[in-house]
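In what follows, a structure is listed as structure tokens, so that the remarks can point back to it.
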Amino acid sequence: MLGLPEQDHDRFKNWLGGLKDTANIGAVIRAIPGVIRVVRYLRSVSRSGGSALPDRLIAALRDAETDGQRLSKDELVSMIFLLFGAGQETTTHLISGGLLALLSHEDQRRRLQSEPSLMPTCVEECLRYVSPVQMTKPRFATRDMVWQERQFRRGDMFAGFLTAANSDPAKFEDPHRFDITRHPNPHLSFGTGVHFCLGFQLARAEAAVAFERLVTRFPDMRLDTSGRKIEWRRRLGIRSLAQLPVRLVA
């Protein structure tokens with residue numbers, strides 16, 4: 001969708017691979033050279049006459065104009081970086097985490113296989129139960145204030161924990177139960193208000209296609225934890241599996 005040349009896809013992902021452990025300052029420092037390569041690459045590929053495909057999103061962003069103004073080079077690179085991270089990585093974690101939930105709840109997986117019409121509510125429940133994006137970006141108090149019976153000073157930092165909201169017993173009956181028939185399901189995995197995820201429908205579609213293909217082609221798929229355990233990456237604000245070992249039975 002972005003329009004990056006296909007031969008560059010793996011190289012682009014490898015450059016960003018070092019950002020898998022953002023809770024480790026050493027890993028973040030080691031990832032800096034890859035990020036620099038990405039920025040240089042995006043500057044080159046997105047310029048006029050660059051190798052970005054002309055009918056895709058990068059070209060559209062580069063050529064978009066409102067009231068005589070266009071995105072600067074830095075703004076364009078930042079937007080591409082954001083769209084890739086927000087649109088590719090989070091959906092990856094939704095699919096892998098959702099598949100783990102389905103394989104860990106045999107009754108739910110079998111029900112989805114027997115009732116494919118439950119796919120929309122299954123995707124919503126995976127969004128709630130997995131909560132790939134765990135928290136919001138930080139906010140800062142603009143004045144001294146008392147909130148939730150606590151005193152805060154101007155400049156104090158806040159962050160909303162979406163995963164906590166998605167497990168709120170005031171909103172969800174038995175919130176720690178994985179139920180693909182749950183309805184209504186007012187989760188906050190896509191955010192809310194003006195910050196609502198612009199790619200929410202694409203993420204839903206990608207997850208639905210992935211789950212449908214997997215449970216149809218491999219109806220007896222199961223977790224393969226022999227000698228291995230399920231491990232989650234140490235990522236600040238992101239819930240992501242390090243790997244998901246499965247045994248496929250076609």
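Just so we're on the same page: first chain in the structure tokens is A, next is B, and so on; residues restart at 1 for each chain, and ligands are numbered from 1 in the order they show up.
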Query raised in the report: Which polymer residues have any atom within 9 Å of an atom of segment 208-217 of chain A, counting only C-alpha atoms, with same-chain residues fewer than 2 positions away left out, as a ChimeraX atom specification?
Result: /A:95,98-99,109,112-113,116,119-120,122-123,203-206,219-221,249-250
Query raised in the report: Residues at most 6 Å from segment 134-137 of chain A, counting only C-alpha atoms, excluding those fewer than 2 positions away in the same chain, as an MDAnalysis selection string?
Result: chainID A and resid 131:132 159:163 237:238
Report task. Excluding segment 52-63 of chain A and any residue of its chain fewer than 6 positions from it, enumerate the residues within 6 Å of it, using only C-alpha atoms, and give them as an MDAnalysis selection string. Result -> chainID A and resid 1:4 45:46
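For the residues A:Leu127, A:Ala27, A:Val77, A:Ala141, ranking by smallest atom-to-atom distance to Ser44 of chain A using only C-alpha atoms places A:Val77 first.
Closest to Leu16 of chain A among A:Leu82, A:Leu118, A:Ile29, A:Val35 is A:Val35, based on only C-alpha atoms.
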Query raised in the report: How many Å separate atom CA of Arg110 of chain A from atom CA of Glu173 of chain A?
Result: 22.3 Å
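Running DSSP on the backbone and keeping only strand (DSSP E or B), the residues of segment 57-151 of chain A that qualify are Thr66, Gln69, Val133, Met135, Arg139, Phe140, Met145, Val146, Trp147, Arg150 and Gln151 of chain A.
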Suppose we keep C-alpha atoms; can you now write the selection as a PDB file, in the first residue's frame?
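Writing the result to result_30.pdb gives the following:
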```
ATOM      1  CA  THR A  66      -4.001  21.803   0.810  1.00  0.00           C
ATOM      2  CA  GLN A  69       0.884  23.698   1.278  1.00  0.00           C
ATOM      3  CA  VAL A 133      -1.344  -1.517  21.842  1.00  0.00           C
ATOM      4  CA  MET A 135      -1.136   2.243  26.373  1.00  0.00           C
ATOM      5  CA  ARG A 139       0.081  13.378  28.161  1.00  0.00           C
ATOM      6  CA  PHE A 140       1.213  16.137  30.498  1.00  0.00           C
ATOM      7  CA  MET A 145      -4.732  19.588  39.731  1.00  0.00           C
ATOM      8  CA  VAL A 146      -6.399  16.904  41.816  1.00  0.00           C
ATOM      9  CA  TRP A 147      -7.655  13.896  39.848  1.00  0.00           C
ATOM     10  CA  ARG A 150      -4.459  12.370  43.825  1.00  0.00           C
ATOM     11  CA  GLN A 151      -2.501  15.579  43.578  1.00  0.00           C
TER      12      GLN A 151
END
```
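Closest approach to Arg43 of chain A among A:Glu106, A:Asp74, A:Asp10, A:Asp174 is made by A:Asp74 (distances from only C-alpha atoms).
Of note, atom CA of Ser48 of chain A and atom CA of Arg11 of chain A are spaced 21.9 Å apart.
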Report task. Check segment 121-187 of chain A with DSSP on the backbone and list each residue it calls alpha helix (DSSP H), as a PyMOL selection string. Result -> chain A and resi 121-130+162-165
Surrounding residues of Glu231 of chain A excluding itself and chain neighbours under 2 positions, 7 Å, only C-alpha atoms, as an mmCIF file with N, CA, C and O atoms, in the first residue's frame:
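Output contents, as saved in part.cif:
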```
data_model
loop_
_atom_site.group_PDB
_atom_site.id
_atom_site.type_symbol
_atom_site.label_atom_id
_atom_site.label_comp_id
_atom_site.auth_asym_id
_atom_site.auth_seq_id
_atom_site.Cartn_x
_atom_site.Cartn_y
_atom_site.Cartn_z
ATOM 1 N N LYS A 229 8.551 -22.592 25.473
ATOM 2 C CA LYS A 229 7.447 -21.942 26.153
ATOM 3 C C LYS A 229 7.073 -20.670 25.403
ATOM 4 O O LYS A 229 7.861 -20.132 24.623
ATOM 5 N N ARG A 233 7.730 -10.480 24.051
ATOM 6 C CA ARG A 233 8.824 -9.522 23.974
ATOM 7 C C ARG A 233 8.651 -8.448 25.042
ATOM 8 O O ARG A 233 7.529 -8.108 25.414
ATOM 9 N N LEU A 241 4.366 -11.227 20.771
ATOM 10 C CA LEU A 241 4.989 -12.526 20.980
ATOM 11 C C LEU A 241 6.381 -12.551 20.383
ATOM 12 O O LEU A 241 6.620 -12.001 19.304
ATOM 13 N N ALA A 242 7.308 -13.210 21.081
ATOM 14 C CA ALA A 242 8.637 -13.431 20.514
ATOM 15 C C ALA A 242 8.551 -14.484 19.423
ATOM 16 O O ALA A 242 9.219 -14.405 18.386
ATOM 17 N N GLN A 243 7.699 -15.485 19.631
ATOM 18 C CA GLN A 243 7.466 -16.534 18.644
ATOM 19 C C GLN A 243 6.197 -17.280 19.041
ATOM 20 O O GLN A 243 5.766 -17.207 20.191
#
```
